[in-house]
file coords-v1.txt (compact mmCIF, C-alpha atoms)
# COMPACT_ATOMS: atom_id res chain seq x y z
CA MET A 1 -44.08 15.91 -25.39
CA GLY A 2 -43.20 12.40 -24.25
CA GLU A 3 -40.68 10.06 -25.76
CA ALA A 4 -40.77 6.36 -25.08
CA LEU A 5 -40.19 2.81 -26.15
CA ALA A 6 -43.64 1.27 -26.38
CA PRO A 7 -44.45 -2.45 -26.76
CA ILE A 8 -46.77 -3.03 -29.73
CA ARG A 9 -47.99 -6.63 -29.67
CA GLY A 10 -44.63 -8.37 -29.57
CA LYS A 11 -42.30 -5.68 -30.90
CA VAL A 12 -40.81 -2.48 -29.56
CA THR A 13 -41.51 0.84 -31.23
CA ILE A 14 -40.02 4.27 -30.70
CA ALA A 15 -42.75 6.84 -30.23
CA THR A 16 -42.82 10.53 -29.39
CA LYS A 17 -45.49 13.21 -29.10
CA LEU A 18 -45.98 16.65 -30.54
CA HIS A 19 -48.09 19.26 -28.75
CA LEU A 20 -49.10 22.10 -31.07
CA TYR A 21 -49.71 25.40 -29.32
CA SER A 22 -50.43 27.41 -32.48
CA SER A 23 -51.07 26.97 -36.21
CA GLU A 24 -48.31 29.36 -37.30
CA ASN A 25 -45.63 27.99 -39.66
CA LEU A 26 -47.26 24.62 -39.15
CA GLU A 27 -45.11 22.44 -41.41
CA GLN A 28 -41.84 23.95 -40.22
CA GLN A 29 -42.98 23.82 -36.60
CA ILE A 30 -43.85 20.12 -36.79
CA GLU A 31 -40.66 19.09 -38.58
CA ASN A 32 -38.42 21.20 -36.34
CA ARG A 33 -39.97 19.64 -33.24
CA LEU A 34 -39.50 16.19 -34.75
CA ASP A 35 -35.85 16.90 -35.60
CA ALA A 36 -35.24 17.93 -31.99
CA SER A 37 -36.77 14.67 -30.78
CA LEU A 38 -34.69 12.62 -33.22
CA LYS A 39 -31.56 14.29 -31.92
CA ARG A 40 -32.46 13.55 -28.30
CA LEU A 41 -33.37 9.96 -29.13
CA ARG A 42 -30.19 9.50 -31.22
CA THR A 43 -32.08 8.02 -34.14
CA ASP A 44 -32.94 9.05 -37.68
CA TYR A 45 -36.60 8.03 -37.46
CA VAL A 46 -39.40 7.18 -35.04
CA ASP A 47 -42.06 4.54 -35.57
CA VAL A 48 -45.00 6.63 -34.39
CA TYR A 49 -45.24 10.42 -34.16
CA TYR A 50 -48.30 11.45 -32.14
CA GLN A 51 -50.12 14.74 -32.14
CA HIS A 52 -51.01 15.19 -28.46
CA ARG A 53 -54.45 16.77 -28.17
CA ASN A 54 -55.55 19.52 -30.55
CA GLU A 55 -55.83 22.48 -28.22
CA ALA A 56 -54.64 24.85 -30.97
CA GLY A 57 -57.65 23.91 -33.11
CA VAL A 58 -55.53 23.02 -36.14
CA PRO A 59 -57.57 21.28 -38.88
CA PRO A 60 -56.66 17.58 -38.67
CA GLU A 61 -56.35 17.40 -42.46
CA GLU A 62 -53.45 19.87 -42.37
CA VAL A 63 -51.56 17.91 -39.75
CA ALA A 64 -52.26 14.66 -41.62
CA GLY A 65 -50.85 16.10 -44.85
CA ILE A 66 -47.64 17.15 -43.12
CA MET A 67 -47.32 13.77 -41.43
CA GLY A 68 -47.63 12.17 -44.86
CA LYS A 69 -44.66 14.19 -46.07
CA LEU A 70 -42.60 13.14 -43.04
CA ILE A 71 -43.43 9.50 -43.82
CA GLN A 72 -42.22 10.03 -47.40
CA LYS A 73 -38.99 11.53 -46.07
CA GLY A 74 -38.45 8.48 -43.89
CA LYS A 75 -38.38 10.46 -40.65
CA ILE A 76 -41.43 8.64 -39.28
CA ARG A 77 -42.91 5.23 -40.07
CA GLY A 78 -46.42 6.24 -39.10
CA TRP A 79 -48.36 8.77 -37.07
CA GLY A 80 -51.11 9.00 -34.52
CA GLN A 81 -53.39 11.19 -32.49
CA SER A 82 -53.73 11.34 -28.71
CA MET A 83 -56.85 12.29 -26.74
CA THR A 84 -58.73 13.03 -29.95
CA THR A 85 -62.32 12.70 -31.19
CA ALA A 86 -63.92 10.22 -33.57
CA LYS A 87 -64.60 13.05 -36.04
CA GLU A 88 -60.96 14.18 -36.04
CA ILE A 89 -59.79 10.58 -36.47
CA ARG A 90 -61.92 10.15 -39.58
CA ARG A 91 -60.93 13.51 -41.08
CA ALA A 92 -57.22 12.89 -40.53
CA ASN A 93 -57.29 9.26 -41.60
CA ALA A 94 -58.82 10.20 -44.95
CA VAL A 95 -55.68 12.22 -45.78
CA THR A 96 -52.88 10.12 -44.27
CA PRO A 97 -53.94 6.85 -42.60
CA LEU A 98 -53.35 6.79 -38.87
CA SER A 99 -51.22 4.05 -37.32
CA ALA A 100 -52.48 4.52 -33.77
CA VAL A 101 -54.68 6.53 -31.45
CA GLN A 102 -53.51 6.94 -27.86
CA SER A 103 -55.94 7.76 -25.07
CA GLU A 104 -56.59 6.84 -21.46
CA TYR A 105 -58.41 3.54 -21.10
CA SER A 106 -58.93 1.21 -18.18
CA MET A 107 -61.64 -0.51 -16.17
CA MET A 108 -62.15 2.85 -14.46
CA GLU A 109 -62.19 5.01 -17.60
CA ARG A 110 -64.23 3.48 -20.43
CA MET A 111 -65.66 6.53 -22.22
CA PHE A 112 -63.62 5.74 -25.34
CA GLU A 113 -65.54 2.50 -25.83
CA LYS A 114 -68.47 4.58 -27.11
CA GLU A 115 -66.98 6.13 -30.26
CA ILE A 116 -63.17 6.16 -30.38
CA ILE A 117 -62.40 2.46 -30.06
CA PRO A 118 -65.17 1.43 -32.49
CA ALA A 119 -63.85 3.98 -35.02
CA CYS A 120 -60.34 2.56 -34.67
CA GLU A 121 -61.64 -0.97 -35.18
CA GLU A 122 -63.58 0.08 -38.28
CA LEU A 123 -60.63 1.92 -39.83
CA GLY A 124 -57.94 -0.59 -38.88
CA ILE A 125 -56.15 1.78 -36.48
CA GLY A 126 -54.35 0.53 -33.39
CA PHE A 127 -55.51 1.90 -30.03
CA VAL A 128 -52.79 2.52 -27.44
CA ALA A 129 -54.19 2.66 -23.91
CA PHE A 130 -52.28 4.85 -21.49
CA SER A 131 -52.91 4.56 -17.76
CA PRO A 132 -54.46 1.08 -18.24
CA MET A 133 -54.34 0.51 -14.49
CA ALA A 134 -55.89 3.89 -13.68
CA SER A 135 -52.63 5.47 -12.49
CA GLY A 136 -51.99 2.40 -10.35
CA PHE A 137 -55.37 2.39 -8.59
CA LEU A 138 -56.27 -1.05 -9.96
CA SER A 139 -53.21 -2.58 -8.32
CA GLY A 140 -55.05 -2.22 -5.01
CA LYS A 141 -51.88 -0.91 -3.37
CA TYR A 142 -53.21 2.54 -2.46
CA GLN A 143 -55.07 3.46 0.71
CA LYS A 144 -57.40 6.36 1.46
CA THR A 145 -54.84 7.65 3.95
CA ASP A 146 -52.06 7.94 1.36
CA ILE A 147 -50.71 11.44 0.73
CA TYR A 148 -49.33 12.57 -2.65
CA ALA A 149 -46.93 15.45 -3.19
CA GLY A 150 -44.89 17.23 -5.84
CA ASP A 151 -45.63 16.28 -9.45
CA ASP A 152 -47.39 13.02 -8.53
CA VAL A 153 -50.49 13.15 -10.75
CA ARG A 154 -52.48 11.24 -8.13
CA ARG A 155 -52.36 14.43 -6.13
CA VAL A 156 -55.22 15.82 -8.23
CA ILE A 157 -56.91 12.78 -9.80
CA THR A 158 -60.26 12.58 -8.04
CA ARG A 159 -60.39 8.79 -7.90
CA PHE A 160 -57.60 9.02 -5.30
CA ALA A 161 -59.63 11.29 -3.00
CA PRO A 162 -60.14 9.42 0.31
CA GLU A 163 -63.90 9.13 -0.12
CA ASN A 164 -63.52 7.76 -3.66
CA VAL A 165 -60.83 5.26 -2.69
CA GLU A 166 -63.31 3.89 -0.17
CA ALA A 167 -66.24 3.99 -2.61
CA ASN A 168 -64.27 2.09 -5.28
CA GLN A 169 -63.45 -0.87 -3.05
CA LEU A 170 -66.13 -2.94 -4.83
CA LEU A 171 -64.07 -2.81 -8.01
CA LEU A 172 -60.89 -3.80 -6.20
CA ALA A 173 -62.69 -6.65 -4.45
CA MET A 174 -63.91 -7.98 -7.79
CA LEU A 175 -60.37 -7.84 -9.20
CA GLN A 176 -58.97 -9.60 -6.15
CA THR A 177 -61.50 -12.41 -6.50
CA PHE A 178 -60.51 -13.08 -10.10
CA ALA A 179 -56.83 -12.69 -9.28
CA GLU A 180 -57.07 -15.45 -6.69
CA GLN A 181 -58.91 -17.71 -9.12
CA LYS A 182 -56.25 -17.22 -11.83
CA HIS A 183 -53.24 -17.19 -9.47
CA ALA A 184 -52.47 -13.68 -10.64
CA THR A 185 -52.44 -10.13 -9.30
CA PRO A 186 -55.24 -7.57 -9.64
CA SER A 187 -53.00 -5.57 -12.01
CA GLN A 188 -52.53 -8.59 -14.26
CA ILE A 189 -56.27 -9.29 -14.36
CA SER A 190 -57.02 -5.69 -15.38
CA LEU A 191 -54.49 -5.94 -18.23
CA ALA A 192 -55.61 -9.44 -19.25
CA TRP A 193 -59.20 -8.17 -19.48
CA MET A 194 -58.12 -5.43 -21.89
CA LEU A 195 -56.00 -7.76 -24.03
CA HIS A 196 -58.87 -10.23 -24.26
CA LYS A 197 -61.47 -7.63 -25.14
CA TYR A 198 -59.75 -6.05 -28.15
CA SER A 199 -57.04 -7.56 -30.34
CA PHE A 200 -55.98 -4.10 -31.60
CA VAL A 201 -55.66 -2.44 -28.17
CA VAL A 202 -52.18 -2.23 -26.63
CA PRO A 203 -51.88 -1.14 -22.99
CA ILE A 204 -48.80 0.86 -21.98
CA PRO A 205 -48.64 0.68 -18.18
CA GLY A 206 -46.17 2.92 -16.44
CA MET A 207 -43.52 1.19 -14.35
CA ARG A 208 -40.40 2.25 -12.47
CA LYS A 209 -39.32 -0.98 -10.79
CA GLU A 210 -38.15 -4.28 -12.25
CA ASP A 211 -40.71 -6.32 -10.33
CA ARG A 212 -43.54 -4.19 -11.74
CA LEU A 213 -42.10 -4.75 -15.22
CA LYS A 214 -42.18 -8.51 -14.74
CA GLU A 215 -45.68 -8.35 -13.25
CA ASN A 216 -47.07 -6.35 -16.16
CA PHE A 217 -45.51 -8.55 -18.83
CA GLY A 218 -46.87 -11.56 -16.97
CA ALA A 219 -50.38 -10.40 -17.81
CA ALA A 220 -49.81 -11.56 -21.39
CA GLU A 221 -49.57 -15.14 -20.10
CA ILE A 222 -53.00 -15.01 -18.43
CA ALA A 223 -55.70 -16.40 -20.68
CA LEU A 224 -59.26 -15.57 -19.72
CA THR A 225 -61.94 -17.97 -20.89
CA GLU A 226 -65.00 -16.51 -22.60
CA SER A 227 -67.08 -17.26 -19.51
CA GLU A 228 -64.53 -15.58 -17.22
CA PHE A 229 -64.42 -12.52 -19.45
CA ALA A 230 -68.23 -12.38 -19.57
CA GLU A 231 -68.35 -12.61 -15.79
CA ILE A 232 -65.92 -9.70 -15.44
CA GLU A 233 -67.91 -7.63 -17.94
CA LYS A 234 -71.13 -8.33 -16.05
CA ALA A 235 -69.52 -7.36 -12.75
CA LEU A 236 -68.15 -4.13 -14.23
CA SER A 237 -71.58 -3.19 -15.56
CA ASN A 238 -72.93 -3.30 -12.01
CA ILE A 239 -70.14 -1.24 -10.42
CA VAL A 240 -70.33 2.54 -10.26
CA ILE A 241 -66.93 4.21 -10.62
CA HIS A 242 -66.26 7.19 -8.35
CA GLY A 243 -63.80 9.88 -9.47
CA ASN A 244 -61.79 10.15 -12.65
CA ARG A 245 -58.84 11.79 -14.39
CA THR A 246 -59.63 14.93 -16.41
CA ASP A 247 -57.80 17.70 -18.23
CA GLU A 248 -58.91 19.97 -15.42
CA ASP A 249 -57.11 17.68 -12.95
CA ILE A 250 -53.86 17.98 -14.88
CA ALA A 251 -54.25 21.76 -15.19
CA LYS A 252 -54.59 21.93 -11.40
CA LEU A 253 -51.35 20.00 -10.96
CA ARG A 254 -49.49 22.36 -13.27
CA ALA A 255 -50.84 25.33 -11.33
CA LEU A 256 -49.75 23.82 -8.01
CA ASN A 257 -46.21 23.40 -9.28
call {"tool": "encode", "arguments": {"input": "coords-v1.txt", "output": "structure tokens"}}
result
Amino acid sequence: MGEALAPIRGKVTIATKLHLYSSENLEQQIENRLDASLKRLRTDYVDVYYQHRNEAGVPPEEVAGIMGKLIQKGKIRGWGQSMTTAKEIRRANAVTPLSAVQSEYSMMERMFEKEIIPACEELGIGFVAFSPMASGFLSGKYQKTDIYAGDDVRRVITRFAPENVEANQLLLAMLQTFAEQKHATPSQISLAWMLHKYSFVVPIPGMRKEDRLKENFGAAEIALTESEFAEIEKALSNIVIHGNRTDEDIAKLRALN
């Protein structure tokens, strides 16, 4: 479960996640977990309550019905799904409309453009993109000689393997070219591309330092022209991405720790 303040197109929302490990006492389980989050957050409601993955195989209609009750009680303003499928989105949305779907999305991970993002656009659901800079890879600040330790997720994400860092230099070179043209940074170009492409997609880049915060927010001030956006899209279509981030990667990290 993660709890965070997330920027949603000009406002700040309080969001938290629920990870269901079983379908037993479902309604009580969901509300009890929410109450614990509310206590930690020192608030009486959250804006978005996400179900994080559906590893327990709980029918999405059941979760949606319970989320509807929590909305009626005023404990949540809306709800969402994370790392879900287009089928589950449609089934859940038919019971209690979804506010948002959160999944990984970046120039390096675009699988959700096939079904998930189009479904969100059709149904009027916001899409929240986590890891929009591919765990920092798109900043261009990481080298193939870098070593990761502890709970650093880059320790197991295959795009950070030395051979893949080298193979993905074409992507970084493209970003650097556009960054120089727009007097921006590669990170800002990657975010500006996403903001230009979809009006309902909100990137939530991770940041730990004030200068990174300023850099990321600065991406909102970068306006790509249609021709610039088309040029980036064309370049991306000709670049093969090496390595990715998978559930298996994350499972490996948990096992190592």
call {"tool": "closest_residue", "arguments": {"input": "coords-v1.txt", "among": "A:Ser187, A:Ser227, A:Asn164, A:Gln176", "to": "A:Leu138", "atoms": "only C-alpha atoms"}}
result
A:Ser187
call {"tool": "atom_distance", "arguments": {"input": "coords-v1.txt", "atom1": "atom CA of A:Ser99", "atom2": "atom CA of A:Ile125"}}
result
5.5 Å
call {"tool": "residues_near_point", "arguments": {"input": "coords-v1.txt", "point": "(-52.8, -0.6, -9.6)", "cutoff": "10 Å", "atoms": "all atoms listed in the file", "output": "ChimeraX atom specification"}}
result
/A:131-142,172,185-188,190,205
call {"tool": "closest_residue", "arguments": {"input": "coords-v1.txt", "among": "A:Ser103, A:Gln143, A:Thr177, A:Asn238", "to": "A:Glu163", "atoms": "all atoms listed in the file"}}
result
A:Gln143
call {"tool": "residues_near_point", "arguments": {"input": "coords-v1.txt", "point": "(-52.3, -13.3, -19.5)", "cutoff": "9 Å", "atoms": "all atoms listed in the file", "output": "ChimeraX atom specification"}}
result
/A:184,188-189,191-193,195-196,217-224
call {"tool": "atom_distance", "arguments": {"input": "coords-v1.txt", "atom1": "atom CA of A:Gln181", "atom2": "atom CA of A:Glu226"}}
result
14.8 Å
call {"tool": "closest_residue", "arguments": {"input": "coords-v1.txt", "among": "A:Ala15, A:Met67, A:Met107, A:Ile204", "to": "A:Gln29", "atoms": "only C-alpha atoms"}}
result
A:Met67
call {"tool": "atom_distance", "arguments": {"input": "coords-v1.txt", "atom1": "atom CA of A:Phe130", "atom2": "atom CA of A:Met111"}}
result
13.5 Å
